Structures are given as structure tokens and as C-alpha cells.
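The file coords.tsv contains TSV, C-alpha atoms and all ligand atoms:
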```tsv
chain	number	residue	atom	x	y	z
A	1326	MET	CA	0.12	-31.30	-64.55
A	1327	ASN	CA	0.37	-27.50	-64.69
A	1328	THR	CA	0.33	-26.26	-61.14
A	1329	GLU	CA	1.99	-22.87	-61.74
A	1330	ASN	CA	-0.68	-21.30	-63.94
A	1331	LYS	CA	2.06	-20.39	-66.39
A	1332	ILE	CA	2.66	-22.02	-69.76
A	1333	ARG	CA	5.27	-24.74	-69.34
A	1334	LEU	CA	8.20	-25.38	-71.66
A	1335	GLY	CA	9.02	-28.93	-72.71
A	1336	VAL	CA	12.33	-29.08	-74.56
A	1337	ASN	CA	12.67	-31.73	-77.23
A	1338	VAL	CA	16.31	-32.89	-77.35
A	1339	ASP	CA	16.00	-35.24	-80.36
A	1340	HIS	CA	18.39	-33.20	-82.45
A	1341	VAL	CA	21.18	-33.46	-79.92
A	1342	ALA	CA	20.96	-37.17	-80.75
A	1343	THR	CA	20.84	-36.33	-84.48
A	1344	LEU	CA	24.27	-34.72	-84.11
A	1345	ARG	CA	25.59	-37.74	-82.24
A	1346	GLN	CA	24.20	-40.24	-84.74
A	1347	ALA	CA	25.74	-38.28	-87.63
A	1348	ARG	CA	29.16	-39.59	-86.55
A	1349	GLY	CA	28.29	-42.59	-84.41
A	1350	THR	CA	30.14	-41.01	-81.47
A	1351	PRO	CA	28.97	-41.28	-77.84
A	1352	TYR	CA	28.65	-37.46	-77.75
A	1353	PRO	CA	26.73	-35.20	-77.54
A	1354	ALA	CA	24.46	-37.11	-75.16
A	1355	PRO	CA	20.77	-36.11	-75.02
A	1356	LEU	CA	20.95	-36.75	-71.28
A	1357	ASP	CA	23.66	-34.10	-70.82
A	1358	ALA	CA	21.59	-31.65	-72.87
A	1359	ALA	CA	18.46	-32.49	-70.87
A	1360	ARG	CA	20.27	-31.84	-67.59
A	1361	LEU	CA	21.28	-28.40	-68.85
A	1362	CYS	CA	17.66	-27.71	-69.90
A	1363	GLU	CA	16.47	-28.78	-66.47
A	1364	ARG	CA	18.95	-26.46	-64.77
A	1365	ALA	CA	17.93	-23.59	-67.07
A	1366	GLY	CA	14.30	-23.88	-65.96
A	1367	ALA	CA	12.65	-26.16	-68.54
A	1368	HIS	CA	9.56	-27.84	-67.10
A	1369	GLY	CA	9.91	-31.09	-69.02
A	1370	ILE	CA	11.98	-33.00	-71.57
A	1371	THR	CA	10.55	-34.55	-74.71
A	1372	VAL	CA	12.06	-37.20	-76.98
A	1373	HIS	CA	10.66	-39.08	-79.96
A	1374	LEU	CA	11.72	-42.72	-80.12
A	1375	ARG	CA	11.20	-43.29	-83.84
A	1376	GLU	CA	10.74	-46.77	-85.25
A	1377	ASP	CA	13.84	-46.26	-87.43
A	1378	ARG	CA	15.86	-45.02	-84.39
A	1379	ARG	CA	17.30	-42.22	-86.50
A	1380	HIS	CA	18.15	-40.07	-83.49
A	1381	ILE	CA	16.98	-41.11	-79.99
A	1382	GLN	CA	17.90	-44.68	-78.99
A	1383	ASP	CA	16.15	-46.92	-76.45
A	1384	ALA	CA	19.01	-46.47	-73.96
A	1385	ASP	CA	18.55	-42.68	-74.09
A	1386	VAL	CA	14.92	-43.00	-73.03
A	1387	PHE	CA	15.76	-45.29	-70.10
A	1388	ALA	CA	18.61	-42.98	-68.97
A	1389	LEU	CA	16.44	-39.85	-69.17
A	1390	GLN	CA	13.61	-41.41	-67.19
A	1391	LYS	CA	16.03	-42.69	-64.54
A	1392	THR	CA	17.96	-39.45	-64.12
A	1393	LEU	CA	15.72	-36.43	-64.66
A	1394	ALA	CA	13.74	-34.76	-61.89
A	1395	ILE	CA	11.42	-33.04	-64.38
A	1396	PRO	CA	8.85	-35.11	-66.31
A	1397	LEU	CA	9.84	-37.02	-69.44
A	1398	ASN	CA	7.39	-36.92	-72.35
A	1399	LEU	CA	7.90	-39.75	-74.85
A	1400	GLU	CA	6.60	-39.11	-78.37
A	1401	MET	CA	5.76	-42.36	-80.08
A	1402	ALA	CA	3.84	-44.05	-82.86
A	1403	CYS	CA	1.00	-46.46	-82.01
A	1404	ALA	CA	3.33	-49.37	-82.84
A	1405	ARG	CA	3.49	-52.52	-80.70
A	1406	GLU	CA	7.28	-52.45	-80.41
A	1407	ILE	CA	7.34	-48.84	-79.20
A	1408	ILE	CA	4.39	-49.33	-76.85
A	1409	ASP	CA	6.41	-52.13	-75.24
A	1410	VAL	CA	9.37	-49.79	-74.73
A	1411	ALA	CA	7.04	-47.20	-73.14
A	1412	LEU	CA	5.63	-49.87	-70.81
A	1413	ALA	CA	9.18	-50.79	-69.76
A	1414	VAL	CA	10.36	-47.17	-69.30
A	1415	ARG	CA	7.14	-45.70	-67.83
A	1416	PRO	CA	7.74	-42.04	-68.64
A	1417	THR	CA	5.45	-39.54	-66.94
A	1418	GLU	CA	3.81	-38.58	-70.25
A	1419	VAL	CA	3.47	-40.11	-73.70
A	1420	CYS	CA	2.35	-38.34	-76.84
A	1421	LEU	CA	1.00	-40.45	-79.69
A	1422	VAL	CA	2.16	-39.16	-83.06
A	1423	PRO	CA	1.85	-40.35	-86.66
A	1424	GLU	CA	5.07	-41.64	-88.18
A	1425	ARG	CA	6.26	-42.24	-91.72
A	1426	ARG	CA	9.79	-43.43	-92.28
A	1427	GLU	CA	10.53	-41.16	-95.23
A	1428	GLU	CA	9.44	-37.94	-93.50
A	1429	LEU	CA	11.99	-35.36	-92.31
A	1430	THR	CA	9.92	-34.63	-89.21
A	1431	THR	CA	6.41	-35.42	-87.97
A	1432	GLU	CA	4.15	-34.31	-90.83
A	1433	GLY	CA	0.51	-33.70	-89.96
A	1434	GLY	CA	-1.35	-34.84	-86.89
A	1435	LEU	CA	-2.51	-38.24	-85.77
A	1436	ASP	CA	-5.62	-39.51	-87.60
A	1437	VAL	CA	-7.64	-40.42	-84.50
A	1438	VAL	CA	-10.82	-40.70	-86.58
A	1439	GLY	CA	-9.31	-42.99	-89.25
A	1440	GLN	CA	-7.22	-45.11	-86.88
A	1441	ARG	CA	-9.74	-45.24	-84.09
A	1442	ASP	CA	-9.12	-48.81	-82.92
A	1443	ALA	CA	-5.32	-48.54	-82.81
A	1444	VAL	CA	-5.37	-45.13	-81.10
A	1445	PHE	CA	-8.10	-45.96	-78.58
A	1446	GLY	CA	-6.32	-49.23	-77.72
A	1447	ALA	CA	-2.97	-47.49	-77.18
A	1448	VAL	CA	-4.57	-44.73	-75.06
A	1449	ARG	CA	-6.18	-47.36	-72.85
A	1450	GLU	CA	-3.06	-49.52	-72.49
A	1451	LEU	CA	-0.68	-46.64	-71.76
A	1452	GLY	CA	-3.18	-44.85	-69.50
A	1453	ASP	CA	-3.87	-48.02	-67.51
A	1454	ALA	CA	-0.11	-48.33	-66.96
A	1455	GLY	CA	-0.11	-44.90	-65.30
A	1456	MET	CA	1.17	-42.67	-68.10
A	1457	VAL	CA	-0.48	-39.35	-68.94
A	1458	VAL	CA	-1.48	-39.71	-72.59
A	1459	SER	CA	-1.57	-36.92	-75.17
A	1460	LEU	CA	-2.60	-37.05	-78.84
A	1461	PHE	CA	-0.75	-34.91	-81.39
A	1462	VAL	CA	-3.51	-33.64	-83.67
A	1463	GLU	CA	-4.20	-30.99	-86.28
A	1464	PRO	CA	-6.50	-28.20	-85.06
A	1465	ASP	CA	-9.50	-30.11	-86.47
A	1466	ILE	CA	-12.80	-30.39	-84.60
A	1467	ARG	CA	-13.46	-34.02	-85.68
A	1468	GLN	CA	-10.05	-35.14	-84.49
A	1469	LEU	CA	-10.55	-33.35	-81.18
A	1470	ASP	CA	-13.96	-34.93	-80.66
A	1471	ALA	CA	-12.48	-38.38	-81.32
A	1472	GLY	CA	-9.54	-37.53	-79.04
A	1473	ALA	CA	-11.88	-36.70	-76.17
A	1474	GLU	CA	-13.81	-39.90	-76.80
A	1475	SER	CA	-10.58	-41.94	-76.62
A	1476	GLY	CA	-10.18	-40.97	-72.96
A	1477	ALA	CA	-6.81	-39.26	-73.44
A	1478	PRO	CA	-6.55	-36.33	-71.01
A	1479	TYR	CA	-4.39	-34.16	-73.30
A	1480	VAL	CA	-4.11	-33.12	-76.91
A	1481	GLU	CA	-1.10	-31.43	-78.43
A	1482	LEU	CA	-2.14	-29.08	-81.23
A	1483	HIS	CA	0.12	-29.27	-84.29
A	1484	THR	CA	1.36	-25.71	-84.85
A	1485	GLY	CA	3.40	-26.53	-87.96
A	1486	ARG	CA	0.99	-25.05	-90.52
A	1487	TYR	CA	0.77	-21.79	-88.59
A	1488	CYS	CA	4.53	-21.60	-88.18
A	1489	GLU	CA	5.13	-22.15	-91.91
A	1490	ALA	CA	2.32	-19.93	-93.24
A	1491	THR	CA	2.78	-16.34	-94.38
A	1492	GLY	CA	0.40	-13.44	-94.98
A	1493	PRO	CA	-3.35	-13.90	-94.50
A	1494	ALA	CA	-2.96	-17.70	-94.40
A	1495	ARG	CA	-0.99	-17.26	-91.19
A	1496	ASP	CA	-3.85	-15.38	-89.53
A	1497	ARG	CA	-6.29	-18.09	-90.65
A	1498	GLU	CA	-4.06	-20.83	-89.20
A	1499	LEU	CA	-3.84	-18.98	-85.90
A	1500	GLU	CA	-7.65	-18.64	-85.83
A	1501	ARG	CA	-7.94	-22.40	-86.40
A	1502	LEU	CA	-5.59	-23.04	-83.47
A	1503	ILE	CA	-7.51	-20.64	-81.22
A	1504	GLU	CA	-10.86	-22.25	-82.10
A	1505	ALA	CA	-9.42	-25.73	-81.67
A	1506	ALA	CA	-8.04	-24.87	-78.23
A	1507	GLU	CA	-11.43	-23.46	-77.17
A	1508	HIS	CA	-13.16	-26.58	-78.46
A	1509	ALA	CA	-10.69	-28.94	-76.76
A	1510	HIS	CA	-11.02	-27.06	-73.49
A	1511	ALA	CA	-14.83	-27.24	-73.70
A	1512	LEU	CA	-14.51	-31.02	-74.18
A	1513	GLY	CA	-12.47	-31.21	-70.97
A	1514	LEU	CA	-9.16	-31.83	-72.74
A	1515	LYS	CA	-5.94	-30.20	-71.58
A	1516	VAL	CA	-4.12	-28.42	-74.38
A	1517	ASN	CA	-0.44	-28.53	-75.34
A	1518	ALA	CA	1.02	-27.24	-78.60
A	1519	GLY	CA	4.15	-27.80	-80.63
A	1520	HIS	CA	6.04	-28.02	-83.88
A	1521	GLY	CA	8.01	-25.33	-85.68
A	1522	ILE	CA	7.93	-22.85	-82.78
A	1523	HIS	CA	10.86	-20.45	-82.55
A	1524	LEU	CA	11.71	-17.12	-80.93
A	1525	ASP	CA	10.14	-15.05	-83.72
A	1526	ASN	CA	6.77	-16.82	-83.86
A	1527	VAL	CA	6.18	-17.73	-80.22
A	1528	ALA	CA	4.35	-14.43	-79.54
A	1529	GLY	CA	1.55	-15.49	-81.94
A	1530	ILE	CA	1.41	-18.94	-80.37
A	1531	LEU	CA	0.80	-17.31	-76.98
A	1532	ARG	CA	-2.55	-16.02	-78.30
A	1533	ILE	CA	-3.83	-19.63	-78.22
A	1534	PRO	CA	-5.97	-19.95	-75.06
A	1535	HIS	CA	-5.80	-22.68	-72.39
A	1536	LEU	CA	-2.20	-23.68	-73.14
A	1537	ASP	CA	-0.56	-26.00	-70.65
A	1538	THR	CA	2.79	-26.80	-72.33
A	1539	LEU	CA	4.70	-25.80	-75.46
A	1540	ASN	CA	6.98	-28.55	-76.76
A	1541	ILE	CA	9.87	-26.98	-78.65
A	1542	GLY	CA	12.87	-28.79	-80.10
A	1543	HIS	CA	14.65	-27.88	-83.29
A	1544	SER	CA	14.88	-24.12	-82.75
A	1545	ILE	CA	16.18	-24.44	-79.19
A	1546	VAL	CA	18.83	-27.02	-80.11
A	1547	ALA	CA	19.82	-24.89	-83.11
A	1548	ARG	CA	20.16	-21.79	-80.89
A	1549	ALA	CA	22.10	-23.83	-78.32
A	1550	VAL	CA	24.76	-24.56	-80.96
A	1551	LEU	CA	25.41	-20.82	-81.09
A	1552	VAL	CA	24.71	-19.52	-77.59
A	1553	GLY	CA	24.71	-22.63	-75.36
A	1554	MET	CA	21.78	-24.66	-74.04
A	1555	ASP	CA	21.37	-22.61	-70.86
A	1556	ALA	CA	20.95	-19.35	-72.79
A	1557	ALA	CA	18.78	-20.97	-75.48
A	1558	VAL	CA	16.31	-22.32	-72.91
A	1559	LYS	CA	16.29	-19.12	-70.86
A	1560	GLU	CA	15.65	-16.88	-73.86
A	1561	MET	CA	12.69	-19.05	-74.93
A	1562	LEU	CA	11.29	-18.99	-71.38
A	1563	CYS	CA	11.66	-15.21	-71.41
A	1564	ALA	CA	9.86	-14.96	-74.78
A	1565	MET	CA	7.09	-17.19	-73.40
A	1566	ARG	CA	6.63	-14.75	-70.53
A	1567	GLY	CA	6.12	-11.94	-73.04
A	1568	GLY	CA	9.77	-10.88	-73.07
A	1569	GLY	CA	9.80	-9.88	-69.41
A	1570	GLU	CA	11.15	-11.64	-66.30
B	1601	LIG	N1	5.66	-31.91	-80.68
B	1601	LIG	C1	5.61	-33.03	-81.43
B	1601	LIG	C2	4.50	-33.99	-81.20
B	1601	LIG	C3	6.63	-33.33	-82.36
B	1601	LIG	O1	6.56	-34.46	-83.09
B	1601	LIG	C4	7.71	-32.43	-82.49
B	1601	LIG	C5	8.83	-32.75	-83.42
B	1601	LIG	O2	9.51	-33.87	-82.97
B	1601	LIG	C6	7.72	-31.28	-81.67
B	1601	LIG	C7	6.67	-31.03	-80.80
B	1601	LIG	C8	8.84	-30.30	-81.72
B	1601	LIG	O3	8.90	-29.68	-82.97
B	1601	LIG	P1	10.12	-28.76	-83.33
B	1601	LIG	O4	11.35	-29.62	-83.31
B	1601	LIG	O5	9.78	-28.24	-84.70
B	1601	LIG	O6	10.18	-27.68	-82.28
```

Could the structure of this file be written out as C-alpha cells, please?
Amino acid sequence: MNTENKIRLGVNVDHVATLRQARGTPYPAPLDAARLCERAGAHGITVHLREDRRHIQDADVFALQKTLAIPLNLEMACAREIIDVALAVRPTEVCLVPERREELTTEGGLDVVGQRDAVFGAVRELGDAGMVVSLFVEPDIRQLDAGAESGAPYVELHTGRYCEATGPARDRELERLIEAAEHAHALGLKVNAGHGIHLDNVAGILRIPHLDTLNIGHSIVARAVLVGMDAAVKEMLCAMRGGGE
């Protein structure tokens, strides 16, 4: 998917929908936010259609797929109901994630080893329907091996632990991500990364080799509240290019 040889930015606009759902108003629309991201230079848009529909709604996913020129990446659980929505929408990319209703955000990566049958089945079904499938996994060699075996072309490395860690633990988490990316690449997997990335930690993330796309949501939407979506996307793109450009 990455033809530019530069790390791509996928903006997750879930939390635009969080703001809308807080009041049950028709605004702000994730589609309007996504259009602004597109114009600001984002390479893709990501949304997570959760089983509890706490932010993104089915109609948002259909509208985004119909309207955007840049690829839509749908994050989703391996649940029959959501797989059926993906088959109806046919986004360019899907990313399989674990989901627990009580969590604040996606906690931990997908257990490809423990849920082998469900994950392998979903990868096959979504891949056969023409979607590019990614698996959101911890930087764990066993999960990556199982991911490669599933036939999914991409993994997305969960960067949450690194982003939350401090001191020496932070360096260890970055080492794990670097080793995982090397391992995934050697297995023939393409490598994305995401979760918890913001302007102050993205420089460390850029030390991970073989990165195709960074999927970033909460921090960009939070910045957009203060400086506008156009500026929020552009400043992240600038940080991803090492502060230049
Ligand atoms: N990638 C995946 C698979 C996610 O589940 C999320 C959170 O929805 C993100 C990236 C973006 O994380 P954040 O909102 O912390 O930037």
C-alpha cells in the first residue's frame, strides 16, 4: 500500500464521534473531520466500529467509504455482526482488534495464538472479499508467527505499553517494538503501529524499522479541539518527517 517510501499517517476519527454521541446531536460528524484530515495530507482514515456502538455508528462507516478518496481502515472485533458490516461496506483495509465492552480503549493486542480459529477464519473471509487485513498485536514473537501463518498481509504493533512507560521500562518497550518489527518484516509481514502516539513520543516510534503506517487518533483529535484539524494533522505529519518539511 505504501508507494511513497515515507511512513503514512492514518488518522483515527473515533473521538469526533465520541463528542457527537455525548449529546446525541448530528454534529460533529466524523465524515467532516475525515475530509479535513484528507485535505491536510493524511494518507488514510481509521474508525473502530465497536460492538456497543459507543462512538462510530454503522452509517458513519458507509458514508466514509462512499465519500473519501483516501483509504478507509475499519478496526473491528472478530464478531459475526461486525464482519457482516465490513462485508457490506468493503473498506480498503480492516484491522482485527480485541474488544471488551468495559474497556476505555483497546487494551492489549489480539490473541492470535489463543483464538486461532476465529482469527484465521476472519482473515480468510475478509481477505477473500478483497480487503487488506491487518492484525493488531502486542510486539510478541509468538503472536507475530501466528499472524504470518493466518495469511494476513499486515500487522499493527500495539505501541501502548511503550507510550505509557517511563524510565528504563520505556527503553525496553521500544527495544521490544524494534525486535518485533524486524521479526515481522523477516516473516514477510508489512508493519503498521498505533496506540497512544502523540507529538512528544512520536520521535521514539520513528526508530521502529519497516513502518508502513502510523494510526493515530486521540492525540490528534484532542489537538484539533485547540488548533483545528488541519493544523493538528499537519503538525503530526511534520513530526513524522523529523520536524522538517
Ligand atoms: N490502532 C488501533 C488498532 C486502535 O485500536 C487504536 C485506538 O482506537 C489506535 C490505533 C489509535 O490509538 P490512539 O487513539 O491512542 O491514537

For His1543 (chain A): contacts at 8 Å, all atoms listed in the file, fewer than 2 positions along chain excluded, given as a list in words: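 Contacts, with the query itself left out: Asn1337, Val1338, His1340, Gly1521, Ile1541, Ile1545, Val1546 and Ala1547 of chain A.
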
Can you tell me which residues sit at most 6 Å away from ligand LIG 1601 (chain B), counting all atoms listed in the file, written as a VMD selection string? chain A and resid 1422 1431 1461 1519 to 1522 1540 to 1544

- Task: Write out as number ranges by chain each polymer residue whose atoms come within 8 Å of Glu1418 (chain A), counting all atoms listed in the file; drop sequence neighbours fewer than 6 positions from it.
- Result: A: 1396-1399, 1456-1459

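Note that CA of Gln1382 (chain A) and CA of Ala1347 (chain A) are 13.3 Å apart.
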
All residues 12 Å or closer to Glu1406 (chain A), all atoms listed in the file, same chain fewer than 6 positions away omitted, as a compact mmCIF listing (two decimals) with C-alpha atoms, in the frame of the given file:
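Saved as part.txt:
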```
# COMPACT_ATOMS: atom_id res chain seq x y z
CA LEU A 1374 11.72 -42.72 -80.12
CA ARG A 1375 11.20 -43.29 -83.84
CA GLU A 1376 10.74 -46.77 -85.25
CA ASP A 1377 13.84 -46.26 -87.43
CA ASP A 1383 16.15 -46.92 -76.45
CA LEU A 1412 5.63 -49.87 -70.81
CA ALA A 1413 9.18 -50.79 -69.76
CA ALA A 1447 -2.97 -47.49 -77.18
```

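CA of Asp1339 (chain A) to CA of His1380 (chain A) spans 6.1 Å [interatomic distance, one decimal].
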
- Using all atoms listed in the file, which of the listed residues (A:Cys1403, A:Ile1395, A:Met1554, A:Cys1488) sits closest to Asp1525 (chain A)?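 Going through A:Cys1403, A:Ile1395, A:Met1554, A:Cys1488 one by one, the smallest distance to Asp1525 (chain A) is for A:Cys1488.
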
Of A:Leu1524, A:Ala1494, A:Gly1366, A:Arg1379, the one nearest to Arg1345 (chain A) when counting only C-alpha atoms is A:Arg1379

From the list A:Leu1562, A:Leu1514, A:Leu1499, A:Ala1549, which residue is nearest Ile1530 (chain A) when using all atoms listed in the file?
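Checking each of A:Leu1562, A:Leu1514, A:Leu1499, A:Ala1549 against Ile1530 (chain A), counting all atoms listed in the file, the winner is A:Leu1499.
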
task = Could you pull out every residue with an atom within 8 Å of (0.7, -23.8, -70.8), file coordinates, counting all atoms listed in the file, and send them as a VMD selection string?
result = chain A and resid 1327 1330 to 1334 1516 to 1517 1535 to 1539

As a check of understanding: the span from CA of Leu1551 (chain A) to CA of Leu1531 (chain A) is 25.2 Å

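With all atoms listed in the file as the basis for measurement, A:Glu1498 is the residue among A:Ala1443, A:Ala1490, A:Pro1478, A:Glu1498 that approaches Glu1463 (chain A) most closely.
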
| Near Gln1440 (chain A), within 12 Å and counting all atoms listed in the file, which residues show up once chain neighbours fewer than 4 positions away are dropped, as a VMD selection string? | chain A and resid 1402 to 1403 1421 to 1423 1434 to 1436 1444 to 1447 1468 1471 to 1472 1475

*Point out the residue among A:Pro1416, A:Pro1353, A:Pro1534, A:Gly1529 with the least atom-to-atom distance to Gly1455 (chain A), counting all atoms listed in the file.*
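Closest residue, counting all atoms listed in the file: A:Pro1416.
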
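The nearest approach to Thr1417 (chain A) among the residues A:Met1401, A:Val1437, A:Gln1390, A:His1483, with only C-alpha atoms taken into account, belongs to A:Gln1390.
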
- prompt: Taking (18.5, -17.6, -64.6) in the file's coordinates, which residues come within 9 Å, counting only C-alpha atoms, written as an NGL selection string?
  reply: :A and (1364-1366 or 1555-1556 or 1559)

Produce the centre coordinates and the three edge lengths, each in Å to one decimal, of the box along x, y and z that contains all listed atoms of region 1550-1560 of chain A with 3 Å added on each side, as JSON.
```
{"center_x": 20.5, "center_y": -20.8, "center_z": -76.0, "size_x": 15.8, "size_y": 13.8, "size_z": 16.2}
```
